[in-house]
Structure formats: C-alpha cells, structure tokens
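Below is work-v3.tsv, which holds TSV, C-alpha atoms.
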```tsv
chain	number	residue	atom	x	y	z
A	104	MET	CA	-20.52	-5.75	3.12
A	105	ARG	CA	-22.79	-8.21	4.88
A	106	ARG	CA	-26.49	-7.37	5.00
A	107	LEU	CA	-27.34	-5.54	8.21
A	108	SER	CA	-29.97	-6.91	10.56
A	109	LEU	CA	-33.05	-4.79	11.21
A	110	GLY	CA	-31.97	-4.38	14.82
A	111	VAL	CA	-28.93	-2.27	14.01
A	112	SER	CA	-29.40	1.22	15.34
A	113	ALA	CA	-29.04	4.32	13.21
A	114	ALA	CA	-26.02	5.36	15.25
A	115	ALA	CA	-24.30	2.05	14.69
A	116	LEU	CA	-25.05	2.25	10.98
A	117	LEU	CA	-23.50	5.69	10.75
A	118	LEU	CA	-20.38	4.44	12.52
A	119	MET	CA	-20.19	1.53	10.12
A	120	ILE	CA	-20.21	3.57	6.92
A	121	ALA	CA	-18.67	6.90	7.95
A	122	PRO	CA	-15.13	7.32	6.52
A	123	ALA	CA	-13.84	8.57	9.87
A	124	PHE	CA	-10.44	6.99	9.35
A	125	GLY	CA	-10.40	6.88	5.56
A	126	GLN	CA	-8.17	8.90	3.29
A	127	ASP	CA	-10.27	12.04	3.32
A	128	SER	CA	-10.16	12.37	7.10
A	129	GLY	CA	-6.40	12.77	7.18
A	130	ARG	CA	-6.01	10.42	10.17
A	131	PRO	CA	-4.47	6.95	10.44
A	132	ALA	CA	-6.74	3.92	10.54
A	133	LYS	CA	-7.45	2.72	14.08
A	134	PRO	CA	-9.52	-0.22	15.29
A	135	LYS	CA	-12.45	1.94	16.50
A	136	LEU	CA	-14.55	1.32	13.41
A	137	GLY	CA	-17.65	-0.52	12.32
A	138	LYS	CA	-17.13	-4.17	11.44
A	139	ALA	CA	-16.92	-3.77	7.67
A	140	ARG	CA	-14.41	-0.92	7.94
A	141	VAL	CA	-12.20	-2.83	10.38
A	142	GLN	CA	-11.92	-5.65	7.86
A	143	LYS	CA	-10.46	-3.30	5.29
A	144	ALA	CA	-8.19	-1.47	7.72
A	145	GLN	CA	-6.87	-4.43	9.69
A	146	GLY	CA	-6.35	-6.98	7.03
A	147	GLN	CA	-9.12	-9.50	6.57
A	148	LYS	CA	-7.72	-10.66	3.23
A	149	THR	CA	-9.95	-12.00	0.51
A	150	ALA	CA	-9.71	-15.69	-0.34
A	151	LYS	CA	-7.89	-14.76	-3.55
A	152	ALA	CA	-5.17	-12.65	-1.91
A	153	TYR	CA	-1.64	-13.86	-2.44
A	154	LYS	CA	0.38	-15.03	0.54
A	155	VAL	CA	4.11	-14.90	1.15
A	156	GLY	CA	5.66	-17.74	-0.81
A	157	ASP	CA	3.15	-17.51	-3.68
A	158	LYS	CA	4.08	-16.77	-7.27
A	159	VAL	CA	2.30	-13.57	-8.32
A	160	ASP	CA	0.59	-13.47	-11.70
A	161	SER	CA	3.02	-11.85	-14.14
A	162	LYS	CA	0.10	-10.62	-16.26
A	163	ILE	CA	-0.77	-7.99	-13.66
A	164	ALA	CA	-0.46	-4.56	-15.25
A	165	LEU	CA	-1.02	-0.97	-14.14
A	166	SER	CA	-0.93	2.37	-15.89
A	167	ASP	CA	0.64	5.51	-14.48
A	168	VAL	CA	-0.98	8.95	-14.35
A	169	ASP	CA	0.16	9.62	-17.91
A	170	GLY	CA	-1.29	6.39	-19.29
A	171	LYS	CA	1.97	4.46	-19.63
A	172	THR	CA	1.43	0.77	-18.84
A	173	LEU	CA	3.79	-1.32	-16.75
A	174	LYS	CA	3.54	-5.13	-16.61
A	175	LEU	CA	4.98	-7.39	-13.95
A	176	GLU	CA	6.13	-9.76	-16.67
A	177	ASP	CA	8.62	-7.08	-17.74
A	178	LEU	CA	10.17	-7.28	-14.25
A	179	GLU	CA	10.17	-11.05	-13.74
A	180	ASP	CA	13.95	-11.23	-13.35
A	181	LYS	CA	14.07	-8.41	-10.80
A	182	ILE	CA	13.48	-7.70	-7.14
A	183	VAL	CA	10.32	-5.57	-7.08
A	184	VAL	CA	9.07	-3.33	-4.26
A	185	ILE	CA	5.36	-2.48	-4.45
A	186	ASP	CA	4.24	0.28	-2.11
A	187	PHE	CA	0.61	1.33	-1.68
A	188	TRP	CA	0.74	5.10	-1.37
A	189	SER	CA	-1.46	8.15	-0.88
A	190	THR	CA	-1.36	11.90	-1.34
A	191	ARG	CA	-3.78	12.45	1.56
A	192	CYS	CA	-2.74	10.01	4.27
A	193	PRO	CA	-0.45	11.62	6.90
A	194	VAL	CA	1.29	8.30	7.54
A	195	SER	CA	2.09	7.80	3.85
A	196	ASN	CA	3.16	11.45	3.66
A	197	ALA	CA	5.44	11.04	6.68
A	198	TYR	CA	7.12	8.06	5.01
A	199	GLU	CA	7.82	9.97	1.78
A	200	ASP	CA	11.44	10.85	2.60
A	201	ARG	CA	12.20	7.28	3.70
A	202	LEU	CA	10.63	5.83	0.58
A	203	HIS	CA	12.51	8.32	-1.57
A	204	LYS	CA	15.83	7.30	0.02
A	205	LEU	CA	15.10	3.61	-0.48
A	206	TYR	CA	14.27	4.30	-4.09
A	207	GLU	CA	17.45	6.31	-4.70
A	208	THR	CA	19.64	3.69	-3.00
A	209	TYR	CA	18.20	0.50	-4.42
A	210	THR	CA	17.23	1.43	-7.97
A	211	LYS	CA	20.97	1.88	-8.50
A	212	LYS	CA	21.31	-1.78	-7.47
A	213	GLY	CA	18.69	-2.97	-9.94
A	214	VAL	CA	15.62	-3.05	-7.68
A	215	ALA	CA	12.34	-1.93	-9.30
A	216	PHE	CA	9.87	0.22	-7.35
A	217	LEU	CA	6.14	0.35	-8.12
A	218	ILE	CA	4.38	3.13	-6.22
A	219	VAL	CA	0.65	2.46	-6.38
A	220	ASP	CA	-2.29	4.73	-5.59
A	221	ALA	CA	-5.37	2.55	-5.02
A	222	ASN	CA	-7.53	5.20	-3.32
A	223	SER	CA	-10.76	5.75	-5.23
A	224	SER	CA	-11.20	9.19	-3.65
A	225	GLU	CA	-7.93	10.35	-5.22
A	226	HIS	CA	-8.98	9.20	-8.70
A	227	GLU	CA	-12.43	10.80	-8.87
A	228	ALA	CA	-11.37	14.16	-10.26
A	229	GLY	CA	-8.60	12.87	-12.50
A	230	TYR	CA	-4.93	12.84	-11.58
A	231	ALA	CA	-4.15	16.54	-11.31
A	232	GLY	CA	-3.86	16.32	-7.52
A	233	ILE	CA	-1.45	13.41	-7.74
A	234	ARG	CA	0.68	15.20	-10.35
A	235	GLU	CA	0.74	18.34	-8.20
A	236	TYR	CA	1.84	16.35	-5.13
A	237	VAL	CA	4.62	14.60	-7.08
A	238	LYS	CA	5.86	17.92	-8.45
A	239	LYS	CA	5.69	19.69	-5.08
A	240	HIS	CA	7.73	16.96	-3.37
A	241	ASP	CA	10.06	16.41	-6.32
A	242	LEU	CA	9.42	12.68	-6.33
A	243	PRO	CA	11.52	10.61	-8.75
A	244	TYR	CA	8.99	7.84	-9.29
A	245	SER	CA	5.88	7.58	-11.43
A	246	ILE	CA	2.60	6.88	-9.66
A	247	LEU	CA	0.68	3.84	-10.87
A	248	ILE	CA	-3.11	3.85	-10.60
A	249	ASP	CA	-4.99	0.83	-9.27
A	250	LYS	CA	-8.31	2.29	-10.29
A	251	ASP	CA	-10.57	-0.65	-9.51
A	252	ASN	CA	-8.43	-2.03	-6.62
A	253	THR	CA	-7.61	-5.18	-8.58
A	254	VAL	CA	-3.98	-5.23	-7.45
A	255	ALA	CA	-4.72	-4.09	-3.90
A	256	ASP	CA	-7.26	-6.89	-3.55
A	257	ALA	CA	-4.99	-9.48	-5.18
A	258	LEU	CA	-2.18	-8.70	-2.74
A	259	GLY	CA	-4.42	-8.01	0.25
A	260	ALA	CA	-3.17	-4.43	0.64
A	261	ARG	CA	-4.85	-2.75	3.58
A	262	THR	CA	-3.24	0.57	4.40
A	263	THR	CA	-1.06	3.34	3.06
A	264	PRO	CA	1.71	2.50	3.30
A	265	HIS	CA	1.70	-1.27	2.78
A	266	VAL	CA	4.75	-2.79	1.11
A	267	PHE	CA	5.10	-6.03	-0.84
A	268	ILE	CA	8.41	-7.37	-2.16
A	269	LEU	CA	8.67	-9.81	-5.06
A	270	ASP	CA	11.81	-11.77	-5.87
A	271	LYS	CA	11.66	-13.01	-9.44
A	272	GLY	CA	7.89	-13.01	-9.24
A	273	LYS	CA	7.54	-14.70	-5.84
A	274	LEU	CA	6.08	-12.76	-2.92
A	275	VAL	CA	8.72	-12.81	-0.18
A	276	TYR	CA	7.68	-9.97	2.13
A	277	GLU	CA	4.62	-7.94	3.09
A	278	GLY	CA	4.29	-5.32	5.77
A	279	ASN	CA	5.60	-1.96	6.89
A	280	ILE	CA	8.58	0.02	5.61
A	281	ASP	CA	10.19	-0.10	9.04
A	282	GLY	CA	9.17	-0.82	12.63
A	283	ALA	CA	7.29	2.41	13.30
A	284	THR	CA	3.77	1.96	14.65
A	285	ASN	CA	2.73	5.52	15.56
A	286	MET	CA	3.42	9.07	14.48
A	287	PRO	CA	5.84	10.06	17.30
A	288	GLU	CA	7.94	6.97	16.59
A	289	MET	CA	8.28	8.06	12.96
A	290	LYS	CA	10.98	10.48	14.13
A	291	GLN	CA	13.09	7.86	15.88
A	292	GLU	CA	16.19	6.43	14.27
A	293	ASP	CA	16.09	3.09	16.04
A	294	VAL	CA	13.11	1.59	14.22
A	295	GLU	CA	13.75	-1.70	12.43
A	296	PRO	CA	14.51	-1.09	8.72
A	297	VAL	CA	12.58	-4.17	7.59
A	298	VAL	CA	12.41	-3.35	3.88
A	299	LYS	CA	16.07	-2.29	3.75
A	300	ASN	CA	17.11	-5.50	5.49
A	301	ALA	CA	15.01	-7.56	3.10
A	302	LEU	CA	16.51	-5.89	0.04
A	303	ASP	CA	20.06	-6.26	1.33
A	304	ALA	CA	19.49	-9.97	1.93
A	305	LEU	CA	17.91	-10.58	-1.46
A	306	LEU	CA	20.72	-8.76	-3.27
A	307	GLU	CA	23.16	-11.11	-1.52
A	308	GLY	CA	21.15	-14.13	-2.62
A	309	LYS	CA	19.81	-14.81	0.87
A	310	ALA	CA	16.31	-15.26	2.25
A	311	VAL	CA	14.66	-12.21	3.77
A	312	PRO	CA	15.23	-12.10	7.57
A	313	LYS	CA	11.57	-11.23	8.20
A	314	SER	CA	8.73	-12.01	5.79
A	315	HIS	CA	5.94	-10.14	7.61
A	316	SER	CA	5.59	-7.04	9.75
A	317	GLN	CA	2.69	-5.11	11.23
A	318	VAL	CA	1.12	-2.51	8.96
A	319	TRP	CA	-0.49	0.71	10.08
A	320	GLY	CA	-1.73	3.81	8.34
A	321	CYS	CA	-4.86	4.99	6.58
A	322	ALA	CA	-7.27	2.39	5.23
A	323	ILE	CA	-7.22	2.18	1.44
A	324	ASN	CA	-10.31	3.94	0.14
A	325	ARG	CA	-11.71	1.23	-2.10
A	326	VAL	CA	-14.26	1.40	-4.88
A	327	PRO	CA	-17.68	0.41	-3.42
A	328	ALA	CA	-18.57	-3.23	-3.98
A	329	ASN	CA	-21.64	-2.24	-6.00
A	330	GLY	CA	-19.78	0.36	-7.90
```
structure tokens encoding of this file:
Amino acid sequence: MRRLSLGVSAAALLLMIAPAFGQDSGRPAKPKLGKARVQKAQGQKTAKAYKVGDKVDSKIALSDVDGKTLKLEDLEDKIVVIDFWSTRCPVSNAYEDRLHKLYETYTKKGVAFLIVDANSSEHEAGYAGIREYVKKHDLPYSILIDKDNTVADALGARTTPHVFILDKGKLVYEGNIDGATNMPEMKQEDVEPVVKNALDALLEGKAVPKSHSQVWGCAINRVPANG
C-alpha cells in the first residue's frame, strides 16, 4: 500500500483499510472502496502477473488441506482449470453447483481442475472450516491452499471466483465462469457459459472463442504486505 499523506482524514483511512467487501463481510466486492482495496478487487495486476498467451511456470506447486502436493509440471500435457474459491464468499458459494457440474463433465474428458483457496482469513485457524464445507456440500474436488498468495499474485487473481485455463501450460483464458454479473442473474439460464465454451473448443483442438471475461465476486483476502 502506498504511504498515506498526512492530509488523509481519519474517516478516509478507515474506509481504506476496513474489510467491508472482503471475505469476512459476506458481500461481493464493489467499487466503493478505498484506493488500495479497489486495486485488489478490480484487478490492478502486479508487473509479474501472467497474461493470456504466456507460458506459466510449471514449477508452481500447491498443497491441499491434507498436505498432498500438486505440481503444474505433472499436468503439462493437460487442459487445466484453476478456480479461486472461497467458503465464505456468497458469489463463490452460489457458483458451487455450476463448478461441480463442470468438474463432473470435463474431468471425464481429461480436464484437470485445481480449486484454490487463497484467502488468508480462511487459513488462520487451520483447515477445519474448509474440510467441513467440503463435506457438507459433498464436493468431489480437493481444495488447494495458496497460503502466501504466490499463485494468486502470479496469475493476477482478484476475486472469488476467478478462473484461469491453461492449455499445455499456456494461459488461454481468464475471467468468470459464465456471463453472470450480479446475484439475481445467477439464477438465469441464458448467461454465457464462457468456461464451458472454452473447454469444448480446446478439446476439439480449436482456439478459445473468448480469452477474457469480466470477473466479479469477493476480493481475495490477501496476506498483508508486511506479514
């Protein structure tokens, strides 16, 4: 975070640091935030963040809640869907059934899914809450932990959900799961199935029809810069 000038009021300072639209608030991220928070929620990527078309480092590795490590180099010949996910964000929660269906459909076709929790607030007390959520919702996938936000920062992940698709190690898509941009629209059937369309195209050996889409949801609760 940039150093604040002495002229910033106490009220403005509180707005800047309060997690009003973070994971613990249970509300989606909106652009009514202090400057530093908007950068995280709306996608001011770091200089090191990968862009669509880049080859992603195959040495990236994450461990799941049980300590089992998964490396991207083990999936270099596959189509890989990486979804940044949360137990506490209502948008991520509302997408659970859609994500589950994508997983069930496309893992049978050889697509790998990496479901990543990068929220520091969900890691603080261990992973019991994550395990309980997975059990309650009967989720078929393991949850990978991006404890220090290394992967979220490398990809420029901003919200939960935020999806990235790799094709043989190359980043070919980043954005939303479908075209929904607000909670009421989540119930509509006519949203654009962007991820589904991308996977169908890649499985046919074609380029993805859309490489970017708007993301929305709860800002990823990152580890403090000094922390």
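Here the question is which of A:Thr253, A:Ser316, A:Asn285, A:Ser223 gets nearest to Pro193 (chain A) using all atoms listed in the file, and that residue is A:Asn285.
When CA of Val266 (chain A) is paired with CA of Gly278 (chain A), their separation reads 5.3 Å.
We find CA of Tyr230 (chain A) and CA of Arg191 (chain A) to be spaced 13.2 Å apart.
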**Q.** Shortest interatomic distance to Ser161 (chain A) - which of A:Phe187, A:Leu247, A:Leu269, A:Val219, counting all atoms listed in the file
**A.** A:Leu269
Q: For region 157-159 of chain A, please output as a ChimeraX atom specification all residues within 7 Å (counting only C-alpha atoms; exclusion window: fewer than 4 positions along the same chain).
A: /A:153,272-274
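Between CA of Phe267 (chain A) and CA of Asp186 (chain A) lies a distance of 6.5 Å.
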